[in-house]
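Structure data follow from model.cif (mmCIF, C-alpha atoms and all ligand atoms):
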data_start
loop_
_atom_site.label_atom_id
_atom_site.label_comp_id
_atom_site.auth_asym_id
_atom_site.auth_seq_id
_atom_site.Cartn_x
_atom_site.Cartn_y
_atom_site.Cartn_z
CA MET A 1 10.82 17.60 -62.55
CA GLU A 2 11.78 17.95 -66.16
CA ILE A 3 12.45 21.42 -67.49
CA ASP A 4 11.69 22.24 -71.04
CA ILE A 5 14.60 24.47 -72.05
CA ASN A 6 12.76 25.60 -75.21
CA GLU A 7 9.87 26.93 -73.21
CA LYS A 8 10.16 30.61 -72.67
CA GLN A 9 9.62 31.40 -69.03
CA VAL A 10 9.27 35.01 -68.09
CA TYR A 11 8.14 35.78 -64.55
CA SER A 12 7.47 38.99 -62.73
CA SER A 13 9.15 39.23 -59.32
CA THR A 14 5.86 38.41 -57.53
CA GLU A 15 5.36 35.34 -59.71
CA LEU A 16 8.97 34.36 -59.16
CA ASN A 17 8.55 34.52 -55.39
CA LYS A 18 5.38 32.45 -55.61
CA VAL A 19 6.96 29.80 -57.81
CA GLU A 20 10.00 29.68 -55.56
CA ALA A 21 7.84 29.31 -52.43
CA GLU A 22 5.83 26.50 -53.98
CA THR A 23 8.99 24.70 -55.05
CA ILE A 24 10.49 24.98 -51.57
CA GLU A 25 7.27 23.81 -49.89
CA ALA A 26 7.06 20.83 -52.26
CA LEU A 27 10.65 19.91 -51.47
CA ARG A 28 10.08 20.33 -47.72
CA MET A 29 6.96 18.16 -47.65
CA GLY A 30 8.60 15.51 -49.78
CA SER A 31 11.84 15.26 -47.87
CA GLN A 32 10.81 15.56 -44.21
CA GLN A 33 8.67 13.48 -41.95
CA VAL A 34 5.82 15.30 -40.33
CA ILE A 35 6.89 16.60 -36.91
CA PRO A 36 4.70 15.00 -34.20
CA ASP A 37 2.39 17.24 -32.28
CA PRO A 38 4.21 17.92 -28.94
CA ASP A 39 0.94 18.10 -26.98
CA GLU A 40 -0.17 14.70 -28.22
CA TRP A 41 3.18 13.16 -27.32
CA LEU A 42 3.06 14.62 -23.81
CA ALA A 43 -0.49 13.38 -23.21
CA GLN A 44 0.53 9.83 -24.13
CA GLU A 45 3.57 10.02 -21.85
CA LEU A 46 1.55 11.27 -18.88
CA LYS A 47 -1.09 8.59 -19.44
CA GLY A 48 1.49 5.84 -19.08
CA ASN A 49 3.56 7.19 -16.18
CA VAL A 50 1.53 9.43 -13.88
CA LEU A 51 -0.92 8.17 -11.27
CA LEU A 52 -3.08 10.61 -9.37
CA THR A 53 -4.26 9.73 -5.86
CA THR A 54 -4.89 11.29 -2.47
CA VAL A 55 -2.40 11.51 0.39
CA ASP A 56 -4.80 9.55 2.62
CA PHE A 57 -5.14 6.73 0.11
CA PHE A 58 -1.39 6.51 -0.42
CA LEU A 59 -0.52 6.50 3.30
CA ASN A 60 -3.23 3.96 4.12
CA TRP A 61 -2.17 1.73 1.24
CA ALA A 62 1.44 1.77 2.49
CA ARG A 63 0.46 1.11 6.10
CA ARG A 64 -2.01 -1.69 5.51
CA SER A 65 0.38 -3.38 3.10
CA SER A 66 3.31 -3.46 5.51
CA LEU A 67 2.06 -4.27 9.00
CA TRP A 68 4.97 -5.14 11.28
CA THR A 69 3.93 -7.34 14.18
CA MET A 70 5.17 -7.09 17.73
CA LEU A 71 6.12 -10.41 19.32
CA CYS A 72 3.55 -10.86 22.07
CA PHE A 73 2.54 -14.51 22.37
CA PRO A 74 2.19 -15.45 26.05
CA ALA A 75 0.29 -18.75 25.59
CA CYS A 76 -0.90 -21.53 23.31
CA CYS A 77 -2.64 -19.41 20.62
CA ALA A 78 0.90 -18.59 19.50
CA MET A 79 1.05 -22.03 17.85
CA GLU A 80 -1.73 -21.04 15.45
CA PHE A 81 0.02 -17.77 14.70
CA MET A 82 3.17 -19.72 13.84
CA SER A 83 1.10 -21.93 11.57
CA ALA A 84 -0.40 -18.86 9.88
CA SER A 85 3.10 -17.48 9.31
CA ALA A 86 4.46 -20.68 7.79
CA SER A 87 4.36 -21.66 4.14
CA ARG A 88 0.88 -23.22 4.04
CA PHE A 89 -1.00 -20.05 5.03
CA ASP A 90 1.80 -17.61 4.13
CA LEU A 91 1.13 -14.38 6.01
CA SER A 92 3.79 -12.66 3.93
CA ARG A 93 1.15 -12.30 1.20
CA PHE A 94 -0.19 -9.46 3.37
CA GLY A 95 3.17 -7.73 3.82
CA MET A 96 3.57 -8.82 7.43
CA GLU A 97 6.14 -11.57 7.48
CA ILE A 98 8.42 -9.41 9.60
CA LEU A 99 8.08 -9.94 13.33
CA ARG A 100 9.75 -7.34 15.50
CA ALA A 101 11.24 -7.85 18.94
CA SER A 102 11.30 -4.09 19.50
CA PRO A 103 7.98 -2.27 19.99
CA ARG A 104 9.47 0.86 18.44
CA GLN A 105 9.61 -0.92 15.08
CA ALA A 106 6.12 -2.44 15.23
CA ASP A 107 2.66 -1.09 14.48
CA LEU A 108 0.57 -4.20 15.12
CA MET A 109 0.22 -6.21 18.31
CA ILE A 110 -1.41 -9.65 18.02
CA THR A 111 -2.20 -10.68 21.55
CA ALA A 112 -2.20 -14.46 21.27
CA GLY A 113 -2.70 -15.99 24.67
CA THR A 114 -3.67 -15.77 28.32
CA LEU A 115 -2.53 -12.67 30.15
CA THR A 116 -1.94 -12.61 33.91
CA TRP A 117 -2.09 -9.46 36.03
CA LYS A 118 1.58 -9.96 36.83
CA MET A 119 2.39 -9.56 33.12
CA ALA A 120 -0.08 -6.73 32.55
CA PRO A 121 2.30 -3.80 33.25
CA GLN A 122 4.80 -5.15 30.72
CA ILE A 123 2.13 -5.51 28.01
CA LYS A 124 0.91 -1.97 28.69
CA ARG A 125 4.46 -0.64 28.52
CA ILE A 126 5.15 -2.47 25.24
CA TYR A 127 1.95 -1.06 23.74
CA ASP A 128 2.86 2.47 24.84
CA GLN A 129 6.29 2.12 23.22
CA MET A 130 4.91 1.07 19.84
CA ALA A 131 5.02 3.59 17.02
CA GLU A 132 1.87 5.55 16.11
CA PRO A 133 -0.40 4.73 14.41
CA LYS A 134 -0.76 1.27 15.95
CA TRP A 135 -3.36 -1.46 16.06
CA VAL A 136 -4.22 -4.48 18.21
CA ILE A 137 -5.77 -7.84 17.29
CA ALA A 138 -7.03 -9.88 20.25
CA MET A 139 -6.53 -13.50 19.21
CA GLY A 140 -8.39 -16.26 21.04
CA ALA A 141 -10.88 -16.59 23.88
CA CYS A 142 -8.23 -15.81 26.51
CA ALA A 143 -7.29 -12.54 24.83
CA ILE A 144 -10.95 -11.53 24.48
CA THR A 145 -12.41 -12.50 27.88
CA GLY A 146 -9.85 -14.52 29.80
CA GLY A 147 -11.27 -17.71 28.26
CA THR A 148 -11.15 -20.84 30.38
CA PHE A 149 -9.33 -18.90 33.09
CA ALA A 150 -11.67 -15.91 33.19
CA GLN A 151 -12.74 -16.49 36.79
CA SER A 152 -9.18 -16.82 38.06
CA TYR A 153 -7.91 -14.12 40.42
CA SER A 154 -4.66 -13.89 38.46
CA VAL A 155 -5.94 -13.62 34.87
CA VAL A 156 -6.82 -10.41 33.02
CA PRO A 157 -10.39 -10.82 31.66
CA GLY A 158 -9.50 -9.51 28.23
CA TYR A 159 -6.73 -7.31 26.82
CA ASN A 160 -9.24 -4.52 26.26
CA HIS A 161 -9.05 -3.85 30.02
CA LEU A 162 -5.52 -2.56 29.36
CA ILE A 163 -5.24 -1.43 25.74
CA PRO A 164 -7.66 -0.58 22.89
CA VAL A 165 -8.43 -3.59 20.68
CA ASP A 166 -9.31 -3.13 16.99
CA VAL A 167 -10.31 -6.67 15.95
CA TYR A 168 -11.36 -9.72 18.01
CA VAL A 169 -10.74 -13.27 16.76
CA PRO A 170 -12.85 -15.82 18.68
CA GLY A 171 -11.80 -19.44 19.13
CA CYS A 172 -9.73 -21.64 21.41
CA PRO A 173 -7.51 -21.45 19.54
CA PRO A 174 -8.68 -19.64 16.38
CA ARG A 175 -7.60 -21.29 13.14
CA PRO A 176 -5.07 -19.54 10.91
CA GLU A 177 -7.86 -18.72 8.41
CA ALA A 178 -9.68 -16.82 11.18
CA LEU A 179 -6.55 -14.84 11.98
CA ILE A 180 -6.03 -14.02 8.30
CA HIS A 181 -9.65 -12.90 8.05
CA ALA A 182 -9.08 -10.63 11.09
CA ILE A 183 -6.02 -9.14 9.44
CA GLN A 184 -8.03 -8.40 6.30
CA MET A 185 -10.69 -6.70 8.44
CA LEU A 186 -7.96 -4.61 10.06
CA GLN A 187 -6.60 -3.70 6.62
CA ASP A 188 -10.10 -2.53 5.62
CA LYS A 189 -10.21 -0.40 8.76
CA ILE A 190 -6.80 1.12 8.01
CA ALA A 191 -7.88 1.85 4.42
CA LYS A 192 -10.66 4.12 5.74
CA ARG A 193 -8.39 6.03 8.11
CA LYS A 194 -8.24 9.85 7.88
CA ASN A 195 -4.66 10.99 8.27
CA LEU A 196 -4.89 14.71 7.55
S1 LIG B 1 -7.76 -19.28 23.73
FE1 LIG B 1 -7.31 -21.47 24.04
S2 LIG B 1 -5.55 -21.83 22.74
FE2 LIG B 1 -5.68 -19.62 23.01
S3 LIG B 1 -4.38 -19.15 24.74
FE3 LIG B 1 -6.43 -19.48 25.55
S4 LIG B 1 -6.49 -21.63 26.13
FE4 LIG B 1 -4.73 -21.37 24.76
#
Rewrite the coordinates I just gave you, this time as structure tokens.
Ligand code: SF4
Amino acid sequence: MEIDINEKQVYSSTELNKVEAETIEALRMGSQQVIPDPDEWLAQELKGNVLLTTVDFFLNWARRSSLWTMLCFPACCAMEFMSASASRFDLSRFGMEILRASPRQADLMITAGTLTWKMAPQIKRIYDQMAEPKWVIAMGACAITGGTFAQSYSVVPGYNHLIPVDVYVPGCPPRPEALIHAIQMLQDKIAKRKNL
């Protein structure tokens, strides 16, 4: 700003204060960037980083996405389970590529095969030792009703005579697609579970 030194400038003290305040404000506005509104900044930050959900939804999402299967394959349906686990059908897409030999580390039992009464106490004991919450898929005609051997004195006519079954997969043996469909049905069931 150019100052005309010939111009006579006489200010009262009130005028002087006013001129001084205007000069300072003009300098401040010209030399500083506008400070961002803190509330607006916080709202943007929360929008990008905070997700609200319910405890039930979160627990069910974690459980259905990481089913750990107990090894329990007493007969030929096990071959189809192996096929489902291999690269073509790729069960690991559903978070369940881990098979456990210990029932204490498993929450899903896939009963793939014929069960005899002699083996029944062991299956019951394994189920009882599994961690809660736990689920059972009965895979194949033998697991559902005893199948071809249903009339035999030595065969259990379905696992549901011993333990609660959540999903049944018919077939002799069921194809891997059928097993995957059963797992998706079980995941839907877990998603609706009330935990609290
Ligand atoms: S349902 Fe068929 S394939 Fe499966 S265990 Fe029984 S006989 Fe074997």
note = One decimal place gives the CA of Lys134 in chain A-CA of Asn60 in chain A separation as 12.4 Å
message = ligand LIG 1 (chain B): which residues are within 9 Å, counting only C-alpha atoms and all ligand atoms? Reply as a list in words.
response =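 I would give the residues around ligand LIG 1 (chain B) as Phe73, Pro74, Ala75, Cys76, Cys77, Ala78, Met79, Glu80, Ala112, Gly113, Thr114, Leu115, Met139, Gly140, Ala141, Cys142, Ala143, Ile144, Gly146, Gly147, Thr148, Phe149, Pro170, Gly171, Cys172, Pro173 and Pro174 of chain A.
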Enclosing box along x, y and z for every listed atom of range 48-52 of chain A, padded 6 Å each side, centre and size in Å, one decimal, as JSON:
{"center_x": 0.2, "center_y": 8.2, "center_z": -14.2, "size_x": 18.6, "size_y": 16.8, "size_z": 21.7}
ask   = What gap, in Å, lies between CA of Trp41 in chain A and CA of Arg28 in chain A?
value = 22.7 Å
Using only C-alpha atoms - which residues lie no farther than 7 Å from the point (4.0, -9.5, 8.6) in the file's frame? Write them as a tab-separated table (two decimals) with C-alpha atoms, keeping the file's coordinate frame.
chain	number	residue	atom	x	y	z
A	66	SER	CA	3.31	-3.46	5.51
A	67	LEU	CA	2.06	-4.27	9.00
A	68	TRP	CA	4.97	-5.14	11.28
A	69	THR	CA	3.93	-7.34	14.18
A	91	LEU	CA	1.13	-14.38	6.01
A	92	SER	CA	3.79	-12.66	3.93
A	94	PHE	CA	-0.19	-9.46	3.37
A	95	GLY	CA	3.17	-7.73	3.82
A	96	MET	CA	3.57	-8.82	7.43
A	97	GLU	CA	6.14	-11.57	7.48
A	98	ILE	CA	8.42	-9.41	9.60
A	99	LEU	CA	8.08	-9.94	13.33
message = I'd like the interatomic distance between CA of Ser83 in chain A and CA of Asp188 in chain A, to a tenth of an Å.
response =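 Pair CA of Ser83 in chain A / CA of Asp188 in chain A returns 23.2 Å.
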task = Would you list the contacts of Asp128 in chain A as a ChimeraX atom specification, taking every protein, DNA or RNA residue within 10 Å and counting all atoms listed in the file, but skipping same-chain residues closer than 5 positions in sequence?
result = /A:103-104,122-123,134,163
message = At a cut-off of 8 Å, using all atoms listed in the file, what residues contact range 116-118 of chain A? Leave out same-chain residues fewer than 4 positions from it and give the result as an MDAnalysis selection string.
response = chainID A and resid 154:156
task = Would you please work out which residue, of A:Val55, A:Val19, A:Val169, A:Ile190, is nearest to Asp107 in chain A when using all atoms listed in the file?
result =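 Using all atoms listed in the file, the shortest distance to Asp107 in chain A belongs to A:Ile190.
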query = In terms of the shortest atom-to-atom distance over all atoms listed in the file, which of A:Ile24, A:Ile180, A:Leu196, A:Val165 is closest to Arg93 in chain A?
reply =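 Answer, going by the shortest atom-to-atom distance: A:Ile180.
The shortest atom-to-atom distance to Phe89 in chain A, with only C-alpha atoms taken into account, belongs to A:Leu179 out of A:Leu179, A:Ala43, A:Val50, A:Ile137.
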request  = Mind listing whatever residues come within 6 Å of the point (10.0, -6.5, 20.3)? Use all atoms listed in the file, file coordinates, and give them as a list of chain:residue names.
outcome  = A:Met70, A:Leu71, A:Arg100, A:Ala101, A:Ser102, A:Pro103
